[in-house]
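Pasting coords.cif here (mmCIF, C-alpha atoms):
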data_model
#
loop_
_atom_site.label_atom_id
_atom_site.label_comp_id
_atom_site.auth_asym_id
_atom_site.auth_seq_id
_atom_site.Cartn_x
_atom_site.Cartn_y
_atom_site.Cartn_z
CA ASP N 150 -11.36 -14.73 15.39
CA PRO N 151 -10.87 -11.05 14.44
CA ARG N 152 -7.40 -11.74 13.04
CA ARG N 153 -8.78 -14.34 10.64
CA THR N 154 -11.57 -11.94 9.73
CA LEU N 155 -9.03 -9.26 8.80
CA GLN N 156 -6.89 -11.83 6.97
CA ALA N 157 -9.88 -12.87 4.86
CA MET N 158 -10.80 -9.25 4.10
CA VAL N 159 -7.23 -8.35 3.12
CA ARG N 160 -6.89 -11.46 0.96
CA GLU N 161 -10.14 -10.65 -0.83
CA ALA N 162 -9.06 -7.03 -1.33
CA LEU N 163 -5.73 -8.12 -2.84
CA GLU N 164 -7.44 -10.55 -5.20
CA ARG N 165 -9.92 -7.90 -6.35
CA SER N 166 -7.50 -4.97 -6.61
CA GLN N 167 -6.61 -3.88 -10.13
CA GLN N 168 -3.63 -1.93 -8.77
CA VAL N 169 -2.18 -5.12 -7.32
CA GLY N 170 -2.82 -6.93 -10.60
CA ALA N 171 -1.09 -4.17 -12.58
CA SER N 172 1.95 -4.16 -10.28
CA ARG N 173 2.16 -7.95 -10.53
CA LEU N 174 2.19 -7.76 -14.34
CA LEU N 175 4.87 -5.05 -14.23
CA ALA N 176 7.02 -7.27 -12.01
CA GLN N 177 6.57 -10.19 -14.41
CA ALA N 178 7.39 -7.95 -17.38
CA ALA N 179 10.60 -6.84 -15.62
CA LEU N 180 11.63 -10.52 -15.29
CA ASP N 181 11.04 -10.97 -19.02
CA ASP N 182 13.32 -7.97 -19.64
CA VAL N 183 16.05 -9.74 -17.65
CA GLN N 184 15.74 -12.84 -19.84
CA GLU N 185 15.82 -10.71 -22.97
CA THR N 186 19.02 -8.93 -21.89
CA ALA N 187 20.70 -12.18 -20.78
CA ALA N 188 19.91 -13.78 -24.16
CA ALA N 189 22.18 -11.26 -25.92
CA LYS N 190 25.25 -13.36 -24.90
CA ARG N 191 23.85 -16.56 -26.35
CA ILE N 192 24.26 -17.82 -29.90
CA GLN N 193 22.40 -15.65 -32.39
CA ALA N 194 21.28 -16.94 -35.79
CA SER N 195 19.57 -15.27 -38.71
CA MET N 196 18.57 -16.20 -42.23
CA SER N 197 17.79 -14.02 -45.23
CA LEU N 198 16.16 -14.87 -48.56
CA GLY N 199 15.92 -12.79 -51.70
CA ALA N 200 14.92 -13.00 -55.38
CA GLY N 201 15.43 -10.69 -58.37
CA PRO N 202 17.87 -9.73 -61.13
CA GLY N 203 21.53 -9.40 -60.23
CA GLY N 204 24.94 -8.96 -61.69
CA THR N 205 28.62 -8.25 -61.10
CA ARG N 206 30.95 -5.59 -62.42
CA SER N 207 34.74 -5.74 -62.55
CA LEU N 208 37.65 -4.56 -64.70
CA ALA N 209 37.04 -7.48 -67.00
CA GLY N 210 33.49 -6.30 -67.71
CA SER N 211 29.94 -6.75 -66.45
CA GLU N 212 27.88 -9.88 -66.14
CA THR N 213 24.17 -9.97 -65.50
CA SER N 214 21.62 -12.57 -64.47
CA ALA N 215 17.95 -12.15 -65.32
CA LEU N 216 16.82 -13.86 -62.13
CA GLN N 217 18.70 -14.80 -58.99
CA LEU N 218 17.52 -16.70 -55.92
CA ARG N 219 19.70 -15.80 -52.93
CA SER N 220 19.90 -17.17 -49.38
CA ALA N 221 22.26 -16.46 -46.49
CA ILE N 222 22.71 -17.75 -42.93
CA ASN N 223 24.61 -15.96 -40.18
CA ILE N 224 25.48 -17.47 -36.78
CA SER N 225 27.40 -15.50 -34.14
CA GLN N 226 28.05 -15.23 -30.42
CA LEU N 227 29.55 -12.55 -28.23
CA LEU N 228 32.66 -13.74 -26.41
CA PHE N 229 33.95 -10.65 -24.60
CA ASP N 230 32.74 -7.07 -24.23
CA GLY N 231 34.49 -5.82 -21.12
CA GLY N 232 31.58 -6.85 -18.88
CA ARG N 233 29.09 -4.50 -20.54
CA GLN N 234 26.42 -7.14 -21.15
CA ASP N 235 26.83 -8.58 -17.66
CA ARG N 236 26.26 -5.12 -16.16
CA LEU N 237 23.18 -4.69 -18.31
CA VAL N 238 21.86 -8.00 -17.00
CA ASP N 239 22.54 -6.81 -13.45
CA TRP N 240 20.76 -3.54 -14.26
CA ARG N 241 17.70 -5.34 -15.54
CA GLY N 242 17.78 -7.78 -12.63
CA LEU N 243 17.82 -4.98 -10.05
CA GLN N 244 15.00 -3.24 -11.90
CA ALA N 245 13.04 -6.49 -11.70
CA GLU N 246 13.75 -6.67 -7.96
CA SER N 247 12.55 -3.08 -7.59
CA ALA N 248 9.36 -3.98 -9.48
CA ARG N 249 8.82 -7.01 -7.24
CA LEU N 250 9.23 -4.85 -4.15
CA GLY N 251 6.92 -2.28 -5.71
CA HIS N 252 4.28 -5.00 -6.01
CA ILE N 253 4.72 -5.76 -2.31
CA THR N 254 4.40 -2.04 -1.50
CA VAL N 255 1.15 -1.74 -3.47
CA SER N 256 -0.20 -4.85 -1.74
CA GLU N 257 0.73 -3.34 1.62
CA GLN N 258 -1.11 -0.12 0.79
CA ILE N 259 -4.24 -2.06 -0.14
CA ALA N 260 -3.97 -4.12 3.06
CA LEU N 261 -3.55 -0.99 5.18
CA ASN N 262 -6.54 0.70 3.53
CA THR N 263 -8.65 -2.40 4.15
CA VAL N 264 -7.67 -2.62 7.82
CA SER N 265 -8.18 1.12 8.33
CA LEU N 266 -11.66 1.00 6.80
CA ALA N 267 -12.55 -2.07 8.85
CA LEU N 268 -11.56 -0.22 12.02
CA GLU N 269 -13.46 2.87 10.87
CA ARG N 270 -16.53 0.72 10.29
CA SER N 271 -16.13 -0.69 13.81
CA ARG N 272 -15.93 2.87 15.15
CA TYR N 273 -19.26 3.95 13.73
CA ARG N 274 -20.91 0.63 14.56
CA GLN N 275 -19.96 1.27 18.20
CA HIS N 276 -21.22 4.85 17.88
CA VAL N 277 -24.59 3.47 16.77
CA VAL N 278 -24.71 1.19 19.83
CA VAL N 279 -23.76 3.98 22.26
CA TYR N 280 -26.21 6.48 20.80
CA GLY N 281 -28.90 3.80 20.71
CA GLN N 282 -28.46 3.28 24.44
CA TYR N 283 -28.56 7.05 24.92
CA VAL N 284 -31.82 7.23 22.97
CA ARG N 285 -33.38 4.50 25.11
CA LYS N 286 -32.24 6.23 28.30
CA MET N 287 -33.71 9.56 27.19
CA ALA N 288 -36.94 7.81 26.18
CA CYS N 289 -37.24 6.30 29.67
CA LEU N 290 -36.64 9.68 31.29
CA LEU N 291 -39.19 11.27 28.97
CA GLU N 292 -41.75 8.63 29.86
CA ALA N 293 -41.15 9.15 33.58
CA LEU N 294 -41.35 12.91 33.19
CA GLU N 295 -44.61 12.72 31.26
CA THR N 296 -46.10 10.92 34.26
CA ILE N 297 -44.76 13.63 36.59
CA VAL N 298 -46.04 16.49 34.42
CA ARG N 299 -49.54 15.05 34.37
CA ALA N 300 -49.56 15.51 38.13
CA ASP N 301 -47.49 18.73 38.24
CA ARG N 302 -47.96 21.05 35.23
CA GLY N 303 -45.34 23.39 36.61
CA ARG N 304 -42.60 21.05 35.38
CA ALA N 305 -43.63 21.21 31.72
CA SER N 306 -40.37 23.00 30.83
CA GLU N 307 -38.43 19.94 31.96
CA LEU N 308 -40.56 17.84 29.62
CA VAL N 309 -39.67 20.12 26.70
CA GLN N 310 -35.98 19.88 27.59
CA ALA N 311 -36.18 16.10 27.76
CA ARG N 312 -37.81 15.92 24.34
CA LYS N 313 -35.11 18.14 22.91
CA ASN N 314 -32.36 15.90 24.34
CA LEU N 315 -34.12 12.83 22.98
CA GLN N 316 -34.26 14.37 19.50
CA GLN N 317 -30.58 15.28 19.70
CA ALA N 318 -29.73 11.72 20.69
CA GLU N 319 -31.79 10.34 17.80
CA LEU N 320 -30.06 12.76 15.42
CA ALA N 321 -26.62 11.63 16.63
CA GLN N 322 -27.65 7.98 16.18
CA SER N 323 -28.94 8.67 12.68
CA GLN N 324 -25.68 10.38 11.73
CA ALA N 325 -23.67 7.46 13.09
CA VAL N 326 -25.76 5.03 11.02
CA SER N 327 -25.17 7.14 7.89
CA GLN N 328 -21.42 7.34 8.53
CA ALA N 329 -21.25 3.58 9.04
CA ARG N 330 -23.03 3.05 5.71
CA GLN N 331 -20.64 5.42 3.93
CA VAL N 332 -17.64 3.52 5.25
CA GLU N 333 -19.24 0.22 4.24
CA VAL N 334 -19.66 1.53 0.68
CA ARG N 335 -15.92 2.28 0.52
CA LEU N 336 -15.10 -1.07 2.10
CA ARG N 337 -17.27 -2.99 -0.37
CA ARG N 338 -15.28 -1.47 -3.21
CA LEU N 339 -12.24 -3.26 -1.80
CA VAL N 340 -13.61 -6.57 -0.49
CA GLY N 341 -16.98 -7.02 -2.17
CA ASP N 342 -20.44 -7.30 -0.71
CA GLY N 343 -19.82 -10.04 1.85
CA LEU N 344 -18.78 -7.84 4.76
CA PRO N 345 -18.13 -9.77 7.99
CA GLY N 346 -19.12 -8.57 11.44
CA THR N 347 -17.03 -6.21 13.54
CA GLN N 348 -16.94 -8.32 16.69
CA GLY N 349 -13.53 -8.44 18.33
CA LEU N 350 -11.88 -5.75 16.18
CA ALA N 351 -11.61 -3.53 19.26
CA THR N 352 -9.00 -5.97 20.60
CA MET N 353 -6.75 -5.77 17.53
CA PHE N 354 -3.68 -3.54 17.16
CA LEU N 355 -3.50 -2.74 20.86
CA GLN N 356 0.16 -3.75 21.31
CA VAL N 357 2.40 -0.87 20.24
CA PRO N 358 5.84 -2.10 19.08
CA PRO N 359 8.83 -0.45 20.83
CA LEU N 360 10.49 2.25 18.77
CA ASP N 361 13.95 0.67 18.96
CA GLN N 362 12.50 -2.57 17.61
CA LEU N 363 10.65 -0.74 14.85
CA MET N 364 13.60 1.19 13.38
CA PRO N 365 15.43 -1.86 11.92
CA GLU N 366 12.12 -2.95 10.37
CA VAL N 367 11.74 0.51 8.80
CA GLU N 368 15.14 0.14 7.11
CA GLN N 369 14.09 -3.25 5.72
CA SER N 370 10.66 -2.16 4.49
CA SER N 371 9.75 -2.95 0.89
CA GLU N 372 9.56 0.72 -0.11
CA ILE N 373 13.10 1.49 1.09
CA ALA N 374 14.39 -1.78 -0.38
CA ALA N 375 12.86 -0.84 -3.75
CA LEU N 376 14.65 2.53 -3.69
CA ALA N 377 17.91 0.76 -2.79
CA ALA N 378 17.44 -1.62 -5.74
CA GLN N 379 16.82 1.35 -8.04
CA ALA N 380 20.03 3.03 -6.83
CA GLN N 381 22.02 -0.15 -7.40
CA ALA N 382 20.44 -0.56 -10.83
CA ALA N 383 21.49 2.97 -11.79
CA ASP N 384 25.05 2.17 -10.67
CA ARG N 385 25.14 -1.00 -12.80
CA TYR N 386 23.89 0.93 -15.80
CA ALA N 387 26.67 3.50 -15.32
CA GLN N 388 29.19 0.64 -15.32
CA ALA N 389 27.63 -0.75 -18.52
CA VAL N 390 27.92 2.63 -20.24
CA ALA N 391 31.58 2.92 -19.18
CA ALA N 392 32.28 -0.60 -20.50
CA GLY N 393 31.12 0.52 -23.94
CA THR N 394 34.64 1.88 -24.62
CA LYS N 395 36.28 -1.55 -24.24
CA PRO N 396 36.98 -3.98 -27.12
CA GLN N 397 34.38 -6.54 -28.12
CA VAL N 398 35.21 -10.04 -29.30
CA SER N 399 32.77 -12.37 -31.01
CA TRP N 400 32.84 -15.35 -33.35
CA SER N 401 30.67 -15.72 -36.41
CA MET N 402 29.92 -18.14 -39.19
CA THR N 403 28.23 -17.02 -42.39
CA GLY N 404 27.23 -18.81 -45.54
CA SER N 405 25.42 -17.72 -48.70
CA HIS N 406 24.14 -19.44 -51.84
CA ALA N 407 22.83 -17.92 -55.05
CA VAL N 408 21.20 -19.53 -58.10
CA GLY N 409 20.88 -17.47 -61.31
CA ALA N 410 19.30 -17.98 -64.72
CA GLY N 411 19.22 -15.97 -67.96
CA GLY N 412 21.13 -12.83 -68.70
CA SER N 413 24.68 -12.72 -69.99
CA ILE N 414 25.94 -15.54 -67.81
CA GLY N 415 23.10 -18.04 -68.10
CA SER N 416 22.55 -20.57 -65.36
CA THR N 417 24.86 -20.15 -62.36
CA ARG N 418 25.32 -21.45 -58.81
CA ASN N 419 27.53 -19.64 -56.31
CA SER N 420 28.23 -20.52 -52.66
CA ASN N 421 30.33 -18.66 -50.10
CA TYR N 422 31.09 -19.23 -46.41
CA ALA N 423 33.27 -17.68 -43.73
CA VAL N 424 34.17 -18.66 -40.16
CA GLY N 425 36.24 -16.54 -37.80
CA VAL N 426 36.66 -14.30 -34.82
CA ALA N 427 35.88 -10.60 -35.02
CA VAL N 428 37.42 -7.94 -32.78
CA ASN N 429 35.82 -4.51 -32.55
CA ILE N 430 37.98 -1.82 -30.92
CA PRO N 431 36.34 1.56 -30.27
CA LEU N 432 38.78 4.31 -31.17
CA LEU N 433 36.85 7.55 -30.92
CA ASN N 434 33.40 8.16 -29.49
CA PRO N 435 33.11 11.63 -27.92
CA GLY N 436 29.66 10.90 -26.52
CA VAL N 437 30.72 8.06 -24.21
CA ALA N 438 32.38 10.23 -21.54
CA PRO N 439 29.40 12.56 -20.93
CA ALA N 440 27.00 9.58 -21.12
CA THR N 441 29.05 7.80 -18.45
CA ASP N 442 29.15 10.89 -16.24
CA ALA N 443 25.39 11.36 -16.61
CA ALA N 444 24.72 7.73 -15.67
CA ARG N 445 26.96 7.98 -12.61
CA LYS N 446 25.28 11.19 -11.47
CA ARG N 447 21.86 9.57 -11.83
CA ALA N 448 23.13 6.67 -9.72
CA GLN N 449 24.33 9.11 -7.04
CA ALA N 450 21.02 10.96 -7.18
CA ALA N 451 19.12 7.68 -6.73
CA GLU N 452 21.23 6.84 -3.68
CA LEU N 453 20.56 10.27 -2.17
CA GLN N 454 16.84 9.81 -2.79
CA ARG N 455 16.97 6.47 -0.99
CA ALA N 456 18.81 8.02 1.95
CA ASP N 457 16.33 10.90 2.12
CA ALA N 458 13.34 8.54 1.97
CA LEU N 459 14.84 6.39 4.73
CA GLU N 460 15.44 9.40 6.97
CA ALA N 461 11.91 10.71 6.35
CA ARG N 462 10.48 7.27 7.10
CA ARG N 463 12.41 7.05 10.37
CA TYR N 464 11.13 10.42 11.55
CA ARG N 465 7.64 9.52 10.37
CA ALA N 466 7.80 6.29 12.38
CA ALA N 467 8.93 8.22 15.48
CA GLU N 468 6.10 10.72 15.00
CA VAL N 469 3.42 8.06 14.47
CA HIS N 470 4.78 6.09 17.43
CA GLU N 471 4.32 9.13 19.67
CA GLN N 472 0.83 9.73 18.28
CA THR N 473 -0.10 6.09 18.86
CA VAL N 474 1.14 6.05 22.44
CA SER N 475 -0.61 9.36 23.09
CA SER N 476 -3.90 8.09 21.63
CA PHE N 477 -3.89 4.94 23.76
CA ASP N 478 -2.94 7.02 26.80
CA ARG N 479 -5.87 9.31 26.03
CA ALA N 480 -8.14 6.26 25.77
CA ARG N 481 -6.87 5.05 29.15
CA ARG N 482 -7.48 8.45 30.75
CA VAL N 483 -10.92 8.80 29.17
CA GLY N 484 -11.71 5.31 30.45
CA GLY N 485 -10.86 6.44 33.98
CA VAL N 486 -13.05 9.53 33.64
CA LEU N 487 -15.77 7.32 32.18
CA ARG N 488 -15.81 5.13 35.28
CA GLU N 489 -16.20 8.20 37.44
CA SER N 490 -18.92 9.46 35.11
CA GLU N 491 -20.83 6.22 35.54
CA GLN N 492 -20.93 6.77 39.30
CA VAL N 493 -21.93 10.44 38.89
CA ARG N 494 -24.86 9.60 36.61
CA ASN N 495 -26.04 6.84 38.93
CA PHE N 496 -25.86 9.08 42.01
CA THR N 497 -27.50 11.99 40.19
CA LEU N 498 -30.36 9.80 38.96
CA GLN N 499 -30.83 8.32 42.43
CA GLN N 500 -30.89 11.73 44.08
CA TRP N 501 -33.44 13.00 41.57
CA GLN N 502 -35.70 9.96 41.83
CA GLN N 503 -35.59 9.32 45.58
CA LEU N 504 -34.46 12.47 47.36
CA GLY N 505 -35.52 15.27 45.04
CA ARG N 506 -32.21 17.03 45.57
CA ARG N 507 -31.32 17.20 41.89
CA SER N 508 -33.22 18.68 38.97
CA LEU N 509 -33.94 16.85 35.75
CA PHE N 510 -31.46 19.14 34.03
CA ASP N 511 -28.72 17.71 36.26
CA VAL N 512 -29.80 14.19 35.30
CA MET N 513 -29.84 14.93 31.59
CA GLY N 514 -26.49 16.73 31.81
CA ALA N 515 -24.93 13.74 33.58
CA GLU N 516 -26.36 11.35 30.99
CA ALA N 517 -25.16 13.48 28.06
CA ASP N 518 -21.70 13.79 29.60
CA HIS N 519 -21.51 10.03 30.19
CA TYR N 520 -22.46 9.02 26.66
CA ASN N 521 -20.21 11.68 25.12
CA LEU N 522 -17.34 10.23 27.14
CA ARG N 523 -18.20 6.76 25.84
CA VAL N 524 -18.01 8.07 22.27
CA ALA N 525 -14.73 9.84 23.08
CA TYR N 526 -13.34 6.57 24.47
CA VAL N 527 -14.32 4.69 21.30
CA ASN N 528 -12.73 7.41 19.15
CA ALA N 529 -9.48 7.41 21.13
CA LEU N 530 -9.28 3.61 21.00
CA ILE N 531 -9.95 3.37 17.25
CA ASP N 532 -7.61 6.29 16.53
CA GLY N 533 -4.87 4.46 18.43
CA GLN N 534 -5.51 1.23 16.53
CA GLN N 535 -5.43 2.97 13.16
CA LEU N 536 -2.22 4.78 14.09
CA ASN N 537 -0.73 1.49 15.27
CA ALA N 538 -1.65 -0.13 11.95
CA ASN N 539 0.10 2.76 10.16
CA LEU N 540 3.10 2.28 12.42
CA ILE N 541 3.29 -1.43 11.64
CA SER N 542 2.94 -0.63 7.94
CA LEU N 543 6.01 1.62 8.13
CA GLY N 544 7.99 -1.39 9.36
CA ARG N 545 7.42 -5.03 8.48
CA GLY N 546 3.95 -4.33 7.10
CA VAL N 547 0.36 -5.16 7.99
CA ASN N 548 0.34 -8.21 5.70
CA GLU N 549 3.26 -9.75 7.53
CA TRP N 550 1.78 -8.82 10.92
CA LEU N 551 -1.53 -10.51 10.07
CA ARG N 552 0.32 -13.66 9.03
#

Translate this structure into structure tokens?
Amino acid sequence: DPRRTLQAMVREALERSQQVGASRLLAQAALDDVQETAAAKRIQASMSLGAGPGGTRSLAGSETSALQLRSAINISQLLFDGGRQDRLVDWRGLQAESARLGHITVSEQIALNTVSLALERSRYRQHVVVYGQYVRKMACLLEALETIVRADRGRASELVQARKNLQQAELAQSQAVSQARQVEVRLRRLVGDGLPGTQGLATMFLQVPPLDQLMPEVEQSSEIAALAAQAQAADRYAQAVAAGTKPQVSWSMTGSHAVGAGGSIGSTRNSNYAVGVAVNIPLLNPGVAPATDAARKRAQAAELQRADALEARRYRAAEVHEQTVSSFDRARRVGGVLRESEQVRNFTLQQWQQLGRRSLFDVMGAEADHYNLRVAYVNALIDGQQLNANLISLGRGVNEWLR
């Protein structure tokens, strides 16, 4: 099953890809940032310890202690801040969503590269087959012509021409083998050494999705969704900056204990505690207004970037759709010419062998034209499949399509 073959290759490429691993870690780190920001509204506690000489000074005089051991505990919790912390949590959450979508985008790029290389490998594998058949055909003609030349030396020039065509066919086959190996080297970097066969890949990605069906998928693609999340995150951050001018209310409980020895006061023990509600009212902060304006402008810029990316992606999808349809139409037309070429080569060979009405040059020209058309058909078909894979990637994605 070629679909399962591609699924296995894509899955292996995703597991091996360091880019996918890095994007996954970044997405997980963004979730940790959300938890860190959300924890700011929970109860906070701290403890401090100290040791050393100490003393007090007042109007009544000064008192000293040669050694003091001090400890303090502070417990507090934010009650109200005008929604600033909530907006910061939203900001971090949308950044985490953008990172998650970025991970999906990287995975989609790796999947598309894997599928494209698999199709390219299939292209050159088919080239090798076509040129191999061409080589065998030229070898048969050369063998027949050698028999003819032994009886008629006047046709030696045809023998030279046949040898030249055979060498050209062998050269084309050798180049196709080399190109297939080069693609396999690039493919092994993605999926490892266990490359599967290419049987059946020529039947994949032949169904071109309608453009009106594709456009909604383009708007919902992971790349556009990530840009939308970034724009929303910038808007939440602007709201958080603006909320910095509002009062903040929190409760706190503190306690301290000190033990002293020596000095002018001898052995002492002191304990203090306080429980209450604190209100912090910002009165003057000239930097808040420009910071708020800057954050809002960045949010607007992010939204414009998302809109521009969406428009570019729509036009790109329309362009690739036209290229895909054109490539498959070219493959269909080349296929029709190829069928006619098959009849021409058969008739030409028959007329040369049985009737003597055609020269060997006509036969070799018909054979060369036929096999070149076969290569052109393979190229048009693979080009259309690769373009179709790109088109699907612009929408719901190759990963989703394979599933």

request  = Determine, counting all atoms listed in the file, which protein, DNA and RNA residues have an atom within 12 Å of an atom of stretch 222-231 of chain N; residues of the same chain fewer than 4 positions away are not included. Present the result as a VMD selection string.
outcome  = chain N and resid 187 to 198 235 to 237 388 to 406 420 to 431

request  = Tell me which protein, DNA and RNA residues are within 9 Å of N:Ala448, counting all atoms listed in the file, leaving out same-chain ones fewer than 2 positions away, and put them as an MDAnalysis selection string.
outcome  = chainID N and resid 379:387 443:446 450:453

task = Give as a PyMOL selection string the set of residues within 10 Å of the point (12.1, -1.4, -15.5), where distances use the file's coordinates and all atoms listed in the file.
result = chain N and resi 175-176+178-180+182-183+240-248+379+382

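Straight-line separation from atom CA of N:Glu516 to atom CA of N:Arg494: 6.1 Å.
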
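Excluding N:Ser271 itself and any same-chain residue fewer than 5 positions from it, the protein and nucleic acid residues within 8 Å of it, counting all atoms listed in the file, are Thr347, Leu350 and Ala351 of chain N.
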
Now that the selection is made, can you save its residues with C-alpha atoms as a PDB file, keeping the file's coordinate frame?
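Output saved as out_8.pdb:
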ATOM      1  CA  THR N 347     -17.030  -6.210  13.540  1.00  0.00           C
ATOM      2  CA  LEU N 350     -11.880  -5.750  16.180  1.00  0.00           C
ATOM      3  CA  ALA N 351     -11.610  -3.530  19.260  1.00  0.00           C
TER       4      ALA N 351
END
